[in-house]
Structure formats: structure tokens, C-alpha cells
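*Asks:* As input, take target.pdb (PDB, C-alpha atoms):
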```pdb
ATOM      1  CA  MET A   1      -1.297  16.677  12.029
ATOM      2  CA  ASP A   2       1.888  16.259  14.018
ATOM      3  CA  LEU A   3       2.647  13.542  16.572
ATOM      4  CA  SER A   4       1.328  15.526  19.544
ATOM      5  CA  SER A   5      -1.978  16.299  17.819
ATOM      6  CA  PHE A   6      -2.176  12.656  16.699
ATOM      7  CA  SER A   7      -1.839  11.662  20.355
ATOM      8  CA  ALA A   8      -4.404  14.222  21.544
ATOM      9  CA  ALA A   9      -7.011  13.786  18.792
ATOM     10  CA  SER A  10     -10.227  11.884  19.361
ATOM     11  CA  LEU A  11     -10.248   8.174  18.654
ATOM     12  CA  ASP A  12     -12.666   8.743  15.754
ATOM     13  CA  GLU A  13     -10.412  11.377  14.182
ATOM     14  CA  VAL A  14      -7.284   9.236  14.522
ATOM     15  CA  THR A  15      -8.893   6.033  13.254
ATOM     16  CA  GLY A  16     -10.353   7.927  10.296
ATOM     17  CA  ALA A  17      -6.936   9.311   9.400
ATOM     18  CA  LEU A  18      -5.296   5.907   9.825
ATOM     19  CA  ARG A  19      -7.883   4.185   7.617
ATOM     20  CA  ALA A  20      -6.607   6.325   4.735
ATOM     21  CA  CYS A  21      -3.187   4.746   5.360
ATOM     22  CA  ASN A  22      -4.429   1.137   5.449
ATOM     23  CA  ALA A  23      -8.071   0.099   4.928
ATOM     24  CA  ALA A  24      -7.838  -3.213   6.809
ATOM     25  CA  ALA A  25     -10.535  -3.292   9.507
ATOM     26  CA  SER A  26      -8.273  -3.903  12.505
ATOM     27  CA  PHE A  27      -5.373  -1.689  11.396
ATOM     28  CA  ALA A  28      -6.599   1.744  12.510
ATOM     29  CA  PRO A  29      -8.033   0.738  15.894
ATOM     30  CA  THR A  30      -4.956  -1.344  16.716
ATOM     31  CA  VAL A  31      -2.500   1.441  15.887
ATOM     32  CA  ALA A  32      -4.677   4.089  17.559
ATOM     33  CA  ALA A  33      -4.826   1.994  20.752
ATOM     34  CA  GLY A  34      -1.031   2.326  21.108
ATOM     35  CA  ARG A  35      -1.165   6.091  21.630
ATOM     36  CA  PRO A  36       0.747   7.991  22.751
ATOM     37  CA  TYR A  37       3.803   6.992  20.742
ATOM     38  CA  PRO A  38       7.186   8.288  21.934
ATOM     39  CA  SER A  39       8.275   9.249  18.404
ATOM     40  CA  VAL A  40       7.191   9.295  14.782
ATOM     41  CA  ASP A  41       9.575   6.398  14.156
ATOM     42  CA  ALA A  42       7.869   4.333  16.878
ATOM     43  CA  LEU A  43       4.447   5.051  15.357
ATOM     44  CA  VAL A  44       5.662   4.181  11.867
ATOM     45  CA  ALA A  45       7.296   0.966  13.110
ATOM     46  CA  ARG A  46       4.075  -0.062  14.860
ATOM     47  CA  ALA A  47       2.075   0.633  11.695
ATOM     48  CA  GLY A  48       4.422  -1.655   9.769
ATOM     49  CA  GLU A  49       4.202  -4.399  12.405
ATOM     50  CA  VAL A  50       0.412  -4.285  12.460
ATOM     51  CA  SER A  51       0.302  -4.386   8.656
ATOM     52  CA  GLN A  52       2.626  -7.395   8.491
ATOM     53  CA  ALA A  53       0.488  -9.293  11.021
ATOM     54  CA  LEU A  54      -2.888  -8.775   9.335
ATOM     55  CA  PRO A  55      -4.920 -11.890   8.529
ATOM     56  CA  TRP A  56      -5.330 -12.452   4.805
ATOM     57  CA  ASP A  57      -9.025 -11.483   4.747
ATOM     58  CA  GLU A  58      -8.048  -8.051   6.073
ATOM     59  CA  VAL A  59      -5.181  -7.796   3.607
ATOM     60  CA  ALA A  60      -7.819  -8.324   0.924
ATOM     61  CA  GLN A  61      -9.764  -5.347   2.367
ATOM     62  CA  ALA A  62      -6.648  -3.197   2.180
ATOM     63  CA  LEU A  63      -5.891  -4.354  -1.364
ATOM     64  CA  ALA A  64      -9.407  -3.465  -2.494
ATOM     65  CA  ALA A  65      -8.699   0.169  -1.556
ATOM     66  CA  HIS A  66      -5.594   0.378  -3.762
ATOM     67  CA  PRO A  67      -5.805   1.345  -7.429
ATOM     68  CA  ARG A  68      -3.922  -0.579 -10.074
ATOM     69  CA  ILE A  69      -0.429   0.629 -10.864
ATOM     70  CA  GLY A  70      -0.768   2.828 -13.913
ATOM     71  CA  ASP A  71      -4.465   3.656 -13.449
ATOM     72  CA  ARG A  72      -5.305   7.316 -13.349
ATOM     73  CA  VAL A  73      -6.507   7.830  -9.799
ATOM     74  CA  SER A  74      -9.491  10.113  -9.381
ATOM     75  CA  GLY A  75     -11.369  11.379  -6.354
ATOM     76  CA  ASP A  76     -10.532  13.676  -3.500
ATOM     77  CA  SER A  77     -10.191  11.177  -0.655
ATOM     78  CA  ALA A  78      -6.977  10.952   1.351
ATOM     79  CA  GLU A  79      -6.426   7.473  -0.141
ATOM     80  CA  ALA A  80      -6.748   8.826  -3.694
ATOM     81  CA  ALA A  81      -4.419  11.736  -2.973
ATOM     82  CA  SER A  82      -1.812   9.373  -1.517
ATOM     83  CA  SER A  83      -2.063   7.048  -4.507
ATOM     84  CA  ARG A  84      -1.655   9.923  -6.971
ATOM     85  CA  GLN A  85       1.433  11.155  -5.146
ATOM     86  CA  GLU A  86       2.927   7.662  -4.811
ATOM     87  CA  GLN A  87       2.372   6.897  -8.486
ATOM     88  CA  ALA A  88       3.613  10.267  -9.747
ATOM     89  CA  ALA A  89       6.410   8.572 -11.703
ATOM     90  CA  MET A  90       3.775   6.932 -13.909
ATOM     91  CA  SER A  91       3.196  10.294 -15.575
ATOM     92  CA  THR A  92       6.573   9.853 -17.267
ATOM     93  CA  ALA A  93       5.993   6.242 -18.349
ATOM     94  CA  GLU A  94       6.601   5.414 -21.991
ATOM     95  CA  ASP A  95       3.528   4.112 -23.824
ATOM     96  CA  ASP A  96       4.993   0.605 -24.164
ATOM     97  CA  VAL A  97       5.762   0.416 -20.421
ATOM     98  CA  ARG A  98       2.296   1.702 -19.524
ATOM     99  CA  ALA A  99       0.697  -0.867 -21.853
ATOM    100  CA  ALA A 100       2.846  -3.673 -20.417
ATOM    101  CA  LEU A 101       1.883  -2.647 -16.868
ATOM    102  CA  LEU A 102      -1.799  -2.634 -17.744
ATOM    103  CA  GLN A 103      -1.545  -6.105 -19.307
ATOM    104  CA  GLY A 104       0.607  -7.306 -16.407
ATOM    105  CA  ASN A 105      -2.019  -6.057 -13.948
ATOM    106  CA  ARG A 106      -4.692  -8.089 -15.755
ATOM    107  CA  ASP A 107      -2.458 -11.179 -15.752
ATOM    108  CA  TYR A 108      -1.608 -10.731 -12.075
ATOM    109  CA  GLU A 109      -5.242 -10.297 -11.056
ATOM    110  CA  ALA A 110      -6.242 -13.387 -13.037
ATOM    111  CA  ARG A 111      -3.483 -15.379 -11.322
ATOM    112  CA  PHE A 112      -3.808 -14.116  -7.732
ATOM    113  CA  ASP A 113      -7.357 -12.684  -7.611
ATOM    114  CA  HIS A 114      -6.279  -9.316  -6.224
ATOM    115  CA  VAL A 115      -4.586  -6.132  -7.358
ATOM    116  CA  PHE A 116      -0.806  -6.086  -7.830
ATOM    117  CA  LEU A 117       0.509  -4.103  -4.878
ATOM    118  CA  ILE A 118       3.889  -2.428  -4.912
ATOM    119  CA  ARG A 119       5.356   0.584  -3.154
ATOM    120  CA  ALA A 120       5.450   2.909  -6.131
ATOM    121  CA  ALA A 121       7.128   5.789  -4.296
ATOM    122  CA  GLY A 122      10.772   5.968  -5.325
ATOM    123  CA  ARG A 123      10.413   3.504  -8.194
ATOM    124  CA  THR A 124      10.401   4.138 -11.915
ATOM    125  CA  PRO A 125       7.698   2.658 -14.138
ATOM    126  CA  ALA A 126      10.285   0.269 -15.612
ATOM    127  CA  GLU A 127      11.265  -0.913 -12.116
ATOM    128  CA  MET A 128       7.626  -1.539 -11.232
ATOM    129  CA  LEU A 129       7.132  -3.476 -14.459
ATOM    130  CA  ALA A 130      10.195  -5.630 -13.743
ATOM    131  CA  GLU A 131       8.846  -6.389 -10.251
ATOM    132  CA  LEU A 132       5.423  -7.225 -11.667
ATOM    133  CA  ARG A 133       6.958  -9.660 -14.138
ATOM    134  CA  ARG A 134       9.150 -11.226 -11.428
ATOM    135  CA  ARG A 135       6.239 -11.677  -9.067
ATOM    136  CA  LEU A 136       3.980 -13.160 -11.745
ATOM    137  CA  ALA A 137       6.206 -16.259 -11.576
ATOM    138  CA  HIS A 138       5.382 -16.760  -7.877
ATOM    139  CA  SER A 139       3.021 -19.291  -6.390
ATOM    140  CA  ALA A 140       0.304 -17.882  -4.125
ATOM    141  CA  GLU A 141       2.354 -19.016  -1.131
ATOM    142  CA  GLN A 142       5.403 -17.127  -2.399
ATOM    143  CA  GLU A 143       3.423 -14.019  -3.283
ATOM    144  CA  ARG A 144       1.605 -13.434   0.008
ATOM    145  CA  PRO A 145       4.713 -12.413   1.992
ATOM    146  CA  GLU A 146       5.642 -10.001  -0.829
ATOM    147  CA  VAL A 147       2.170  -8.469  -0.701
ATOM    148  CA  LEU A 148       2.399  -8.077   3.090
ATOM    149  CA  GLU A 149       5.811  -6.423   2.805
ATOM    150  CA  GLN A 150       4.606  -4.000   0.123
ATOM    151  CA  LEU A 151       1.468  -3.194   2.128
ATOM    152  CA  ALA A 152       3.612  -2.502   5.200
ATOM    153  CA  GLN A 153       5.962  -0.232   3.228
ATOM    154  CA  ILE A 154       3.071   1.746   1.724
ATOM    155  CA  THR A 155       1.371   2.013   5.099
ATOM    156  CA  GLU A 156       4.577   3.190   6.775
ATOM    157  CA  LEU A 157       5.052   5.914   4.160
ATOM    158  CA  ARG A 158       1.486   7.086   4.552
ATOM    159  CA  VAL A 159       1.593   7.096   8.358
ATOM    160  CA  ARG A 160       4.853   9.037   8.307
ATOM    161  CA  GLY A 161       3.236  11.539   5.930
ATOM    162  CA  LEU A 162       0.218  11.774   8.211
ATOM    163  CA  VAL A 163       2.254  12.953  11.210
ATOM    164  CA  SER A 164       5.068  14.830   9.477
TER     165      SER A 164
END
```
Starting from the file, give its structure as C-alpha cells.

*Replies:*
Amino acid sequence: MDLSSFSAASLDEVTGALRACNAAASFAPTVAAGRPYPSVDALVARAGEVSQALPWDEVAQALAAHPRIGDRVSGDSAEAASSRQEQAAMSTAEDDVRAALLQGNRDYEARFDHVFLIRAAGRTPAEMLAELRRRLAHSAEQERPEVLEQLAQITELRVRGLVS
């Protein structure tokens, strides 16, 4: 789908495609309501803005749709395909890094009660592990803005991929 077909598609088609980019309930209808966008960059920027402004209960919805870093993602949904592509670097992870990420995920979830979210695209497994360890030291108040930023970055990448 390119930008012109995104603009011309039915609301149901566009919201369905956008839900694969961010599963928060208000995200897809809010972004779809802004059509037509003058450029891909404007659409991507709006997707990031909407993601950053989500209430925490909707962030939790979006987080529930994301697999753990290091998990082998299965399924044929658009969300699963995006996650596999974004986490492609994990296929090269050393066993000790993979094990540390899996344990770090468990520790993070016990501490914050949600999945550790990080933009995996463009990062090595070791970089993701270092970020996980850094963020484990956060309070909940410190961690929420990081989660919102990572969600926005992931959403922006997915929306750009949707219309490119």
C-alpha cells in the first residue's frame, strides 16, 4: 500500500492495517481520521505523536501484542511478521546473550508487570541486553516515558513500512 492507496482505502481497511502497527484501541482510528496526509513523513510523524500521547491502559494493550525480545515469533499475522523482521538480529545472538535476555525479560516483567519493549531494528542483541539492564534500574515513573518512546519508534517504523 502506498500513501495514495492508504488515503483512498476504506476506513476498515486502513484501521486494520494500522492496528498491526500499534494495537492500542485509539491508535488506528485516530491516525486514520487524519487522512489524507500530505506525505509519508507527515503520516509517520502523526503515528509517533499519537503513540506518545496514549493513556497507559492503551499502552498496556499495545504491549500485550508485542513478543518478548529473543522469543521465536510464530504466526502469519502482520504483527508477527513485523516482529520477526525487527528482531532478525536475534538469530545471530550468542547463547549467553540469549540466555541473559530471557532472564532479563523475566526480571523486567516481574518488576514492571509488562513486556520489555525496545526498538530492536538496527540494534544488536548485546545492545538490547545493555538497554534491558540499564532500564531494570528504573522506577516505574522513570520507565514509562522510555516505554512510550520505544512504542512510538516501533510504530513509526511499522507505519513507514506500511506505506512504503

*Asks:* Apply the PyMOL selection byres ((chain A and resi 42-47) around 12) to the file shown and report the selected residues as a PDB file with C-alpha atoms, keeping the file's coordinate frame.

*Replies:*
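Produced file result06.pdb, reproduced below:
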```
ATOM      1  CA  ASP A   2       1.888  16.259  14.018  1.00  0.00           C
ATOM      2  CA  LEU A   3       2.647  13.542  16.572  1.00  0.00           C
ATOM      3  CA  SER A   4       1.328  15.526  19.544  1.00  0.00           C
ATOM      4  CA  PHE A   6      -2.176  12.656  16.699  1.00  0.00           C
ATOM      5  CA  SER A   7      -1.839  11.662  20.355  1.00  0.00           C
ATOM      6  CA  LEU A  18      -5.296   5.907   9.825  1.00  0.00           C
ATOM      7  CA  ARG A  19      -7.883   4.185   7.617  1.00  0.00           C
ATOM      8  CA  CYS A  21      -3.187   4.746   5.360  1.00  0.00           C
ATOM      9  CA  ASN A  22      -4.429   1.137   5.449  1.00  0.00           C
ATOM     10  CA  ALA A  24      -7.838  -3.213   6.809  1.00  0.00           C
ATOM     11  CA  SER A  26      -8.273  -3.903  12.505  1.00  0.00           C
ATOM     12  CA  PHE A  27      -5.373  -1.689  11.396  1.00  0.00           C
ATOM     13  CA  ALA A  28      -6.599   1.744  12.510  1.00  0.00           C
ATOM     14  CA  PRO A  29      -8.033   0.738  15.894  1.00  0.00           C
ATOM     15  CA  THR A  30      -4.956  -1.344  16.716  1.00  0.00           C
ATOM     16  CA  VAL A  31      -2.500   1.441  15.887  1.00  0.00           C
ATOM     17  CA  ALA A  32      -4.677   4.089  17.559  1.00  0.00           C
ATOM     18  CA  ALA A  33      -4.826   1.994  20.752  1.00  0.00           C
ATOM     19  CA  GLY A  34      -1.031   2.326  21.108  1.00  0.00           C
ATOM     20  CA  ARG A  35      -1.165   6.091  21.630  1.00  0.00           C
ATOM     21  CA  PRO A  36       0.747   7.991  22.751  1.00  0.00           C
ATOM     22  CA  TYR A  37       3.803   6.992  20.742  1.00  0.00           C
ATOM     23  CA  PRO A  38       7.186   8.288  21.934  1.00  0.00           C
ATOM     24  CA  SER A  39       8.275   9.249  18.404  1.00  0.00           C
ATOM     25  CA  VAL A  40       7.191   9.295  14.782  1.00  0.00           C
ATOM     26  CA  ASP A  41       9.575   6.398  14.156  1.00  0.00           C
ATOM     27  CA  GLY A  48       4.422  -1.655   9.769  1.00  0.00           C
ATOM     28  CA  GLU A  49       4.202  -4.399  12.405  1.00  0.00           C
ATOM     29  CA  VAL A  50       0.412  -4.285  12.460  1.00  0.00           C
ATOM     30  CA  SER A  51       0.302  -4.386   8.656  1.00  0.00           C
ATOM     31  CA  GLN A  52       2.626  -7.395   8.491  1.00  0.00           C
ATOM     32  CA  ALA A  53       0.488  -9.293  11.021  1.00  0.00           C
ATOM     33  CA  LEU A  54      -2.888  -8.775   9.335  1.00  0.00           C
ATOM     34  CA  GLU A 149       5.811  -6.423   2.805  1.00  0.00           C
ATOM     35  CA  LEU A 151       1.468  -3.194   2.128  1.00  0.00           C
ATOM     36  CA  ALA A 152       3.612  -2.502   5.200  1.00  0.00           C
ATOM     37  CA  GLN A 153       5.962  -0.232   3.228  1.00  0.00           C
ATOM     38  CA  ILE A 154       3.071   1.746   1.724  1.00  0.00           C
ATOM     39  CA  THR A 155       1.371   2.013   5.099  1.00  0.00           C
ATOM     40  CA  GLU A 156       4.577   3.190   6.775  1.00  0.00           C
ATOM     41  CA  LEU A 157       5.052   5.914   4.160  1.00  0.00           C
ATOM     42  CA  ARG A 158       1.486   7.086   4.552  1.00  0.00           C
ATOM     43  CA  VAL A 159       1.593   7.096   8.358  1.00  0.00           C
ATOM     44  CA  ARG A 160       4.853   9.037   8.307  1.00  0.00           C
ATOM     45  CA  GLY A 161       3.236  11.539   5.930  1.00  0.00           C
ATOM     46  CA  LEU A 162       0.218  11.774   8.211  1.00  0.00           C
ATOM     47  CA  VAL A 163       2.254  12.953  11.210  1.00  0.00           C
ATOM     48  CA  SER A 164       5.068  14.830   9.477  1.00  0.00           C
TER      49      SER A 164
END
```

*Asks:* Step by step, work through what the PyMOL selection byres ((chain A and resi 113-127) around 8) selects in the shown file, and finish by giving those residues as a ChimeraX atom specification.

*Replies:* /A:60,63-64,66-69,85-90,92-93,97-98,105,108-112,128-132,147,150-151,153-154

*Asks:* How about saving the chosen residues, C-alpha atoms kept, as a PDB file, keeping the file's coordinate frame?

*Replies:*
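After the write, selection-v6.pdb holds the following:
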```pdb
ATOM      1  CA  ALA A  60      -7.819  -8.324   0.924  1.00  0.00           C
ATOM      2  CA  LEU A  63      -5.891  -4.354  -1.364  1.00  0.00           C
ATOM      3  CA  ALA A  64      -9.407  -3.465  -2.494  1.00  0.00           C
ATOM      4  CA  HIS A  66      -5.594   0.378  -3.762  1.00  0.00           C
ATOM      5  CA  PRO A  67      -5.805   1.345  -7.429  1.00  0.00           C
ATOM      6  CA  ARG A  68      -3.922  -0.579 -10.074  1.00  0.00           C
ATOM      7  CA  ILE A  69      -0.429   0.629 -10.864  1.00  0.00           C
ATOM      8  CA  GLN A  85       1.433  11.155  -5.146  1.00  0.00           C
ATOM      9  CA  GLU A  86       2.927   7.662  -4.811  1.00  0.00           C
ATOM     10  CA  GLN A  87       2.372   6.897  -8.486  1.00  0.00           C
ATOM     11  CA  ALA A  88       3.613  10.267  -9.747  1.00  0.00           C
ATOM     12  CA  ALA A  89       6.410   8.572 -11.703  1.00  0.00           C
ATOM     13  CA  MET A  90       3.775   6.932 -13.909  1.00  0.00           C
ATOM     14  CA  THR A  92       6.573   9.853 -17.267  1.00  0.00           C
ATOM     15  CA  ALA A  93       5.993   6.242 -18.349  1.00  0.00           C
ATOM     16  CA  VAL A  97       5.762   0.416 -20.421  1.00  0.00           C
ATOM     17  CA  ARG A  98       2.296   1.702 -19.524  1.00  0.00           C
ATOM     18  CA  ASN A 105      -2.019  -6.057 -13.948  1.00  0.00           C
ATOM     19  CA  TYR A 108      -1.608 -10.731 -12.075  1.00  0.00           C
ATOM     20  CA  GLU A 109      -5.242 -10.297 -11.056  1.00  0.00           C
ATOM     21  CA  ALA A 110      -6.242 -13.387 -13.037  1.00  0.00           C
ATOM     22  CA  ARG A 111      -3.483 -15.379 -11.322  1.00  0.00           C
ATOM     23  CA  PHE A 112      -3.808 -14.116  -7.732  1.00  0.00           C
ATOM     24  CA  MET A 128       7.626  -1.539 -11.232  1.00  0.00           C
ATOM     25  CA  LEU A 129       7.132  -3.476 -14.459  1.00  0.00           C
ATOM     26  CA  ALA A 130      10.195  -5.630 -13.743  1.00  0.00           C
ATOM     27  CA  GLU A 131       8.846  -6.389 -10.251  1.00  0.00           C
ATOM     28  CA  LEU A 132       5.423  -7.225 -11.667  1.00  0.00           C
ATOM     29  CA  VAL A 147       2.170  -8.469  -0.701  1.00  0.00           C
ATOM     30  CA  GLN A 150       4.606  -4.000   0.123  1.00  0.00           C
ATOM     31  CA  LEU A 151       1.468  -3.194   2.128  1.00  0.00           C
ATOM     32  CA  GLN A 153       5.962  -0.232   3.228  1.00  0.00           C
ATOM     33  CA  ILE A 154       3.071   1.746   1.724  1.00  0.00           C
TER      34      ILE A 154
END
```

*Asks:* Counting only C-alpha atoms, which residue out of A:Gln61, A:Gln103, A:Ser10, A:Ser5 sits closest to Ala23 in chain A?

*Replies:* A:Gln61

*Asks:* Interatomic distance between CA of Pro55 in chain A and CA of Leu148 in chain A?

*Replies:*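 We find that CA of Pro55 in chain A and CA of Leu148 in chain A lie 9.9 Å from each other.
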
*Asks:* Taking all listed atoms of range 60-63 of chain A, build the axis-aligned box, pad each of the six sides by 6 Å, then write its centre and edge lengths in Å to one decimal as JSON.

*Replies:*
```
{"center_x": -7.8, "center_y": -5.8, "center_z": 0.5, "size_x": 15.9, "size_y": 17.1, "size_z": 15.7}
```

*Asks:* How many Å separate CA of Glu146 in chain A from CA of Gly70 in chain A?

*Replies:* 19.4 Å

*Asks:* Please measure the separation of CA of Ala100 in chain A and CA of Glu58 in chain A, giving the value in Å to one decimal.

*Replies:* 29.0 Å

*Asks:* Could you check which of A:Ala62, A:Ala8, A:Ala20, A:Gly104 is closest to Arg135 in chain A, using all atoms listed in the file?

*Replies:*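 Counting all atoms listed in the file, the residue closest to Arg135 in chain A is A:Gly104.
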